[in-house]
Amino acid sequence: MAFKPFPFFRKKSADPSSRVWRIGRIKLNRSLRVPVIAFALILVYSTISFTVNHYNPVKTTRAVQVVMDDSFSASGYFIREENVIDVAEGDTVEYNYSDGDKVAQGASLVTEYKNEEALTISRELRNIRDNIEQLKTLRSVSSSSTNSSQLNQKIVAQMNAISSEAENASLGQISSLTSELRQLVLKSGSLESGGDIDAEISGLQSQAESLEKRLGDSTSDITSPYAGYFCESIDGYETVFTPDKVDDLTLSALDKLAEQKKAAPGGKGKIVSSYSWYFAARVSDEEAEHLTQGKAVRLRFAQAGQDAQATVRSIRDDKESDSTLVIFESQDMNEQLISMRKQEATVIVASFTGLKVPKTAVRMENNEMGVYVLDSVARYKKIKTLYEGNDFYIVKLNVTGNDSLVVGDDIIVEAKDLDDKKVMK
């Protein structure tokens, strides 16, 4: 293979004055080489400069609506007015209330049966009595304006509502929805059969009387000595974390109380007899600075279905540590909250609804904050900050976007030489 010389070389000549430079097939006199090299350098510099000055990449991000919580975590204990009561255990016992239900003083908390047969009879009797009440309600409502087709539509709608509540774990509404569905089904059956509601009621009453005789004195009730909220289980802290200790409680005292847990015997339940409860929590000194006495907050617990509205009852700094004792007070109650004791809570100081804006997109114009949005041209829009994060702001949500940022605007995050109404390429 023949060796090809590099295309740019100097060819020697017998006559020094006639030496030439060759670039490929182009021959240049030695005297022109400096101007050529200079021209090439100028051309390369001009090309790079033109590219840098005219290439203006525009990066944007969409303005989206968000809800941001100003919150922190805290660990603490529930403190309630709790009264331990005796409740029966076994297969022949029925609880008449669920955790978190309100009970009146003297109400029957638990019904105890002598045997399984008595329990079965009692449940059958309860169903018959429910049907009687449903039929009496139907009798008081005229059915002349309701046809079978309308009832069937209502039945389907009610079944869909029950299904939806079950999927969302909203068990509190299922009982009432089921009762309404039973009414509709009974009414539909009455219309289709053309039967007499009074006759149906009479027949059910006869069945109920027969079952009552069979049941006799095979049952006994355990009544509540207090009014309040019912809880089926106890944890051994009922006489330890009591409201009378709240006013003098400190962090060290809270830790000592936590060590005094007692064994929880079986066959016991409790009534929370006060509508107010407390959550005594250990909070860092830095987070405690966001709180003031009387401030309204929300407490979020992982096991609870919804936040509890609370107020800051007291703030007590512990001089021997970098923590502060904060006592929250609330009157919200449900089946999850009533059985909680030691919990991790998210303390929500405030919530902000607005548009999320990266800090890199924010510009200052006439001492006012704003951003540029891309709409064939760059448009400057003022913003009002509601919350500041590490690398973003939550800004006020506006309805119209003439001069305000709105949902869907393309916020310019990166671009060169931004100016209002400037055409962006």
# chains A, B, ... in the order shown; residues from 1 in each chain; ligands from 1
$ residues_around --residues "region 303-313 of chain A" --least-positions-apart "6" --cutoff "6 Å" --atoms "only C-alpha atoms" --output "PDB file with C-alpha atoms, in the first residue's frame"
ATOM      1  CA  GLN A 293     -50.556  28.740  73.241  1.00  0.00           C
ATOM      2  CA  GLY A 294     -54.104  28.612  71.896  1.00  0.00           C
ATOM      3  CA  LYS A 295     -53.009  28.034  68.285  1.00  0.00           C
ATOM      4  CA  ALA A 296     -55.287  25.773  66.242  1.00  0.00           C
ATOM      5  CA  VAL A 297     -53.534  22.810  64.593  1.00  0.00           C
ATOM      6  CA  ILE A 327     -49.797  19.457  75.238  1.00  0.00           C
ATOM      7  CA  PHE A 328     -52.539  19.497  72.616  1.00  0.00           C
ATOM      8  CA  GLU A 329     -56.233  19.431  73.474  1.00  0.00           C
ATOM      9  CA  SER A 330     -59.051  18.115  71.286  1.00  0.00           C
ATOM     10  CA  ASP A 332     -62.673  14.948  68.189  1.00  0.00           C
ATOM     11  CA  GLN A 336     -59.477   4.729  66.077  1.00  0.00           C
TER      12      GLN A 336
END
$ closest_atom_pairs --of "region 189-228 of chain A" --to "region 80-97 of chain A" --cutoff "12 Å" --atoms "only C-alpha atoms" --output "JSON lines"
{"residue": "A:Ser218", "atom": "CA", "partner": "A:Thr92", "partner_atom": "CA", "distance": 10.8}
{"residue": "A:Thr219", "atom": "CA", "partner": "A:Val93", "partner_atom": "CA", "distance": 9.6}
{"residue": "A:Ser220", "atom": "CA", "partner": "A:Val93", "partner_atom": "CA", "distance": 9.8}
{"residue": "A:Asp221", "atom": "CA", "partner": "A:Ala88", "partner_atom": "CA", "distance": 9.7}
{"residue": "A:Ile222", "atom": "CA", "partner": "A:Val87", "partner_atom": "CA", "distance": 6.9}
{"residue": "A:Thr223", "atom": "CA", "partner": "A:Val87", "partner_atom": "CA", "distance": 9.1}
{"residue": "A:Ser224", "atom": "CA", "partner": "A:Ile85", "partner_atom": "CA", "distance": 8.0}
{"residue": "A:Pro225", "atom": "CA", "partner": "A:Ile85", "partner_atom": "CA", "distance": 8.3}
{"residue": "A:Tyr226", "atom": "CA", "partner": "A:Asn83", "partner_atom": "CA", "distance": 8.2}
{"residue": "A:Ala227", "atom": "CA", "partner": "A:Asn83", "partner_atom": "CA", "distance": 10.4}
{"residue": "A:Gly228", "atom": "CA", "partner": "A:Glu82", "partner_atom": "CA", "distance": 9.4}
$ write_last_selection --atoms "C-alpha atoms" --output "PDB file, in the first residue's frame"
ATOM      1  CA  SER A 218     -82.161 -16.285  79.285  1.00  0.00           C
ATOM      2  CA  THR A 219     -80.462 -12.901  78.977  1.00  0.00           C
ATOM      3  CA  SER A 220     -78.860 -10.337  81.279  1.00  0.00           C
ATOM      4  CA  ASP A 221     -77.525  -6.845  80.570  1.00  0.00           C
ATOM      5  CA  ILE A 222     -74.382  -5.075  81.742  1.00  0.00           C
ATOM      6  CA  THR A 223     -75.139  -1.369  81.901  1.00  0.00           C
ATOM      7  CA  SER A 224     -72.839   1.641  81.782  1.00  0.00           C
ATOM      8  CA  PRO A 225     -72.305   3.514  85.051  1.00  0.00           C
ATOM      9  CA  TYR A 226     -71.103   6.564  83.097  1.00  0.00           C
ATOM     10  CA  ALA A 227     -72.024   8.607  80.066  1.00  0.00           C
ATOM     11  CA  GLY A 228     -69.335   9.014  77.422  1.00  0.00           C
TER      12      GLY A 228
END
$ residues_around --residues "Val67 (chain A)" --least-positions-apart "6" --cutoff "8 Å" --atoms "only C-alpha atoms" --output "list of chain:residue names"
A:Ser351, A:Phe352, A:Thr353, A:Gly354
$ write_last_selection --atoms "N, CA and C atoms" --output "CSV table (one decimal), in the first residue's frame"
chain,number,residue,atom,x,y,z
A,351,SER,N,-51.9,24.9,56.3
A,351,SER,CA,-51.9,24.3,55.0
A,351,SER,C,-52.1,25.4,53.9
A,352,PHE,N,-51.4,25.2,52.8
A,352,PHE,CA,-51.4,26.2,51.8
A,352,PHE,C,-51.8,25.6,50.4
A,353,THR,N,-52.8,26.2,49.8
A,353,THR,CA,-53.2,25.7,48.4
A,353,THR,C,-52.8,26.8,47.4
A,354,GLY,N,-52.0,26.4,46.5
A,354,GLY,CA,-51.5,27.3,45.5
A,354,GLY,C,-50.8,26.7,44.3
$ residues_around --residues "Ser321 (chain A)" --least-positions-apart "5" --cutoff "10 Å" --atoms "only C-alpha atoms" --output "PyMOL selection string"
chain A and resi 251+284-285
$ atom_distance --atom1 "CA of Ile132 (chain A)" --atom2 "CA of Gln205 (chain A)"
7.4 Å
$ closest_residue --among "A:Thr61, A:Ser71, A:Ile79, A:Ser273" --to "Val246 (chain A)" --atoms "only C-alpha atoms"
A:Ile79
$ residues_around --residues "region 367-369 of chain A" --least-positions-apart "3" --cutoff "12 Å" --atoms "only C-alpha atoms" --output "mmCIF file with C-alpha atoms, in the first residue's frame"
data_model
loop_
_atom_site.group_PDB
_atom_site.id
_atom_site.type_symbol
_atom_site.label_atom_id
_atom_site.label_comp_id
_atom_site.auth_asym_id
_atom_site.auth_seq_id
_atom_site.Cartn_x
_atom_site.Cartn_y
_atom_site.Cartn_z
ATOM 1 C CA VAL A 357 -42.993 27.595 41.366
ATOM 2 C CA LYS A 359 -37.043 29.304 42.837
ATOM 3 C CA ALA A 361 -37.776 30.693 37.711
ATOM 4 C CA VAL A 362 -38.421 33.688 39.966
ATOM 5 C CA ARG A 363 -37.358 37.154 38.730
ATOM 6 C CA MET A 364 -37.480 40.547 40.417
ATOM 7 C CA TYR A 372 -41.966 34.653 32.862
ATOM 8 C CA TYR A 380 -44.070 38.512 32.839
ATOM 9 C CA LYS A 381 -46.561 37.675 35.604
ATOM 10 C CA LYS A 382 -46.400 38.805 39.217
ATOM 11 C CA ILE A 383 -46.648 36.264 42.019
ATOM 12 C CA LYS A 384 -47.481 36.395 45.721
ATOM 13 C CA THR A 385 -45.758 33.768 47.848
ATOM 14 C CA TYR A 393 -42.425 28.588 46.466
ATOM 15 C CA VAL A 395 -47.780 31.099 45.323
ATOM 16 C CA SER A 404 -51.393 36.554 37.084
ATOM 17 C CA LEU A 405 -50.026 33.032 37.089
#
$ select_by_dssp --residues "region 256-406 of chain A" --states "alpha helix (DSSP H)" --output "compact mmCIF listing (two decimals) with N, CA and C atoms, in the first residue's frame"
# COMPACT_ATOMS: atom_id res chain seq x y z
N LYS A 256 -41.56 8.96 83.05
CA LYS A 256 -41.76 8.12 84.23
C LYS A 256 -43.15 7.48 84.21
N LEU A 257 -44.15 8.25 83.78
CA LEU A 257 -45.50 7.69 83.69
C LEU A 257 -45.56 6.53 82.69
N ALA A 258 -44.81 6.67 81.61
CA ALA A 258 -44.81 5.63 80.58
C ALA A 258 -44.27 4.30 81.10
N ASP A 285 -37.02 21.77 70.14
CA ASP A 285 -37.10 23.21 70.44
C ASP A 285 -37.33 24.02 69.17
N GLU A 286 -36.70 23.61 68.08
CA GLU A 286 -36.85 24.34 66.81
C GLU A 286 -38.29 24.30 66.31
N GLU A 287 -38.92 23.12 66.38
CA GLU A 287 -40.30 23.00 65.91
C GLU A 287 -41.27 23.70 66.86
N ALA A 288 -40.95 23.70 68.16
CA ALA A 288 -41.83 24.34 69.13
C ALA A 288 -41.93 25.84 68.91
$ select_by_dssp --residues "region 210-396 of chain A" --states "strand (DSSP E or B)" --output "JSON, numbers by chain"
{"A": [219, 220, 221, 222, 223, 228, 229, 230, 231, 268, 269, 270, 271, 272, 277, 278, 279, 280, 281, 282, 283, 284, 296, 297, 298, 299, 300, 301, 308, 309, 310, 311, 312, 313, 314, 315, 316, 317, 323, 324, 325, 326, 327, 328, 329, 330, 342, 343, 344, 345, 346, 347, 348, 349, 350, 351, 352, 353, 354, 355, 356, 357, 358, 362, 363, 364, 365, 368, 369, 370, 371, 372, 373, 374, 375, 377, 378, 379, 380, 381, 382, 385, 386, 387, 388, 392, 393, 394, 395]}
$ write_last_selection --atoms "C-alpha atoms" --output "short mmCIF file (atom, residue, chain, number, x, y, z; two decimals), in the first residue's frame"
data_model
loop_
_atom_site.label_atom_id
_atom_site.label_comp_id
_atom_site.auth_asym_id
_atom_site.auth_seq_id
_atom_site.Cartn_x
_atom_site.Cartn_y
_atom_site.Cartn_z
CA THR A 219 -80.46 -12.90 78.98
CA SER A 220 -78.86 -10.34 81.28
CA ASP A 221 -77.53 -6.85 80.57
CA ILE A 222 -74.38 -5.07 81.74
CA THR A 223 -75.14 -1.37 81.90
CA GLY A 228 -69.33 9.01 77.42
CA TYR A 229 -67.59 7.00 74.73
CA PHE A 230 -67.32 3.21 74.81
CA CYS A 231 -64.08 1.30 74.21
CA LYS A 268 -62.69 -5.35 81.07
CA GLY A 269 -63.72 -2.38 78.96
CA LYS A 270 -63.84 1.34 79.58
CA ILE A 271 -65.92 4.46 79.23
CA VAL A 272 -64.17 7.71 78.28
CA TRP A 277 -58.68 14.53 75.55
CA TYR A 278 -55.01 15.51 75.52
CA PHE A 279 -51.96 14.52 73.52
CA ALA A 280 -48.70 15.16 75.42
CA ALA A 281 -45.86 15.15 72.91
CA ARG A 282 -42.09 15.59 72.82
CA VAL A 283 -41.25 18.30 70.27
CA SER A 284 -37.85 19.68 69.27
CA ALA A 296 -55.29 25.77 66.24
CA VAL A 297 -53.53 22.81 64.59
CA ARG A 298 -54.41 19.45 63.10
CA LEU A 299 -53.09 16.14 64.41
CA ARG A 300 -52.67 13.37 61.85
CA PHE A 301 -52.24 9.77 62.98
CA ALA A 308 -58.15 15.62 64.60
CA GLN A 309 -58.73 19.33 65.16
CA ALA A 310 -56.78 20.46 68.23
CA THR A 311 -55.42 23.51 70.03
CA VAL A 312 -52.11 24.05 71.80
CA ARG A 313 -52.96 23.97 75.51
CA SER A 314 -49.45 24.54 76.87
CA ILE A 315 -45.77 24.68 75.84
CA ARG A 316 -43.12 23.73 78.42
CA ASP A 317 -39.45 23.95 77.51
CA SER A 323 -36.84 19.18 73.50
CA THR A 324 -40.08 20.82 74.58
CA LEU A 325 -43.26 19.30 76.01
CA VAL A 326 -46.31 20.42 74.06
CA ILE A 327 -49.80 19.46 75.24
CA PHE A 328 -52.54 19.50 72.62
CA GLU A 329 -56.23 19.43 73.47
CA SER A 330 -59.05 18.12 71.29
CA LYS A 342 -48.46 6.05 72.38
CA GLN A 343 -48.43 7.50 68.88
CA GLU A 344 -46.36 9.32 66.28
CA ALA A 345 -48.33 12.34 65.13
CA THR A 346 -47.91 14.76 62.27
CA VAL A 347 -48.62 18.21 63.65
CA ILE A 348 -50.01 20.36 60.83
CA VAL A 349 -49.47 24.01 61.70
CA ALA A 350 -50.91 25.39 58.45
CA SER A 351 -51.95 24.27 54.96
CA PHE A 352 -51.42 26.22 51.76
CA THR A 353 -53.21 25.72 48.44
CA GLY A 354 -51.54 27.35 45.46
CA LEU A 355 -49.20 26.94 42.51
CA LYS A 356 -45.74 25.41 42.86
CA VAL A 357 -42.99 27.60 41.37
CA PRO A 358 -39.26 26.67 41.24
CA VAL A 362 -38.42 33.69 39.97
CA ARG A 363 -37.36 37.15 38.73
CA MET A 364 -37.48 40.55 40.42
CA GLU A 365 -39.05 43.41 38.47
CA GLU A 368 -41.76 42.67 42.95
CA MET A 369 -41.48 38.92 42.51
CA GLY A 370 -42.69 37.34 39.30
CA VAL A 371 -42.04 34.74 36.64
CA TYR A 372 -41.97 34.65 32.86
CA VAL A 373 -44.34 32.29 31.10
CA LEU A 374 -44.05 31.05 27.54
CA ASP A 375 -46.93 31.91 25.23
CA VAL A 377 -43.70 35.36 23.54
CA ALA A 378 -42.36 35.67 27.06
CA ARG A 379 -44.91 37.25 29.39
CA TYR A 380 -44.07 38.51 32.84
CA LYS A 381 -46.56 37.68 35.60
CA LYS A 382 -46.40 38.80 39.22
CA THR A 385 -45.76 33.77 47.85
CA LEU A 386 -47.70 31.80 50.46
CA TYR A 387 -45.05 29.26 51.51
CA GLU A 388 -41.31 28.84 50.94
CA PHE A 392 -39.64 26.19 45.51
CA TYR A 393 -42.43 28.59 46.47
CA ILE A 394 -46.16 28.01 46.82
CA VAL A 395 -47.78 31.10 45.32
#
$ atom_distance --atom1 "CA of Gly408 (chain A)" --atom2 "CA of Ser376 (chain A)"
14.7 Å
$ atom_distance --atom1 "CA of Leu109 (chain A)" --atom2 "CA of Ser276 (chain A)"
21.8 Å
$ closest_residue --among "A:Asp70, A:Asp198, A:Glu112, A:Glu259" --to "Glu133 (chain A)" --atoms "only C-alpha atoms"
A:Asp198
$ residues_around --residues "region 126-128 of chain A" --least-positions-apart "3" --cutoff "7 Å" --atoms "only C-alpha atoms" --output "list in words"
Ser122, Arg123, Asn131, Ile132, Leu204 and Ala208 of chain A
$ decode --residues "region 403-417 of chain A" --atoms "C-alpha atoms" --output "PDB file, in the first residue's frame"
ATOM      1  CA  ASP A 403     -51.329  39.334  34.464  1.00  0.00           C
ATOM      2  CA  SER A 404     -51.393  36.554  37.084  1.00  0.00           C
ATOM      3  CA  LEU A 405     -50.026  33.032  37.089  1.00  0.00           C
ATOM      4  CA  VAL A 406     -52.710  30.361  36.600  1.00  0.00           C
ATOM      5  CA  VAL A 407     -52.880  26.581  36.388  1.00  0.00           C
ATOM      6  CA  GLY A 408     -51.418  25.336  33.112  1.00  0.00           C
ATOM      7  CA  ASP A 409     -49.049  28.240  32.444  1.00  0.00           C
ATOM      8  CA  ASP A 410     -45.633  27.173  31.138  1.00  0.00           C
ATOM      9  CA  ILE A 411     -43.189  28.789  33.553  1.00  0.00           C
ATOM     10  CA  ILE A 412     -39.811  29.615  32.006  1.00  0.00           C
ATOM     11  CA  VAL A 413     -37.188  28.071  34.239  1.00  0.00           C
ATOM     12  CA  GLU A 414     -34.136  28.713  32.047  1.00  0.00           C
ATOM     13  CA  ALA A 415     -33.593  31.130  29.162  1.00  0.00           C
ATOM     14  CA  LYS A 416     -31.313  33.996  28.153  1.00  0.00           C
ATOM     15  CA  ASP A 417     -32.097  37.703  28.015  1.00  0.00           C
TER      16      ASP A 417
END
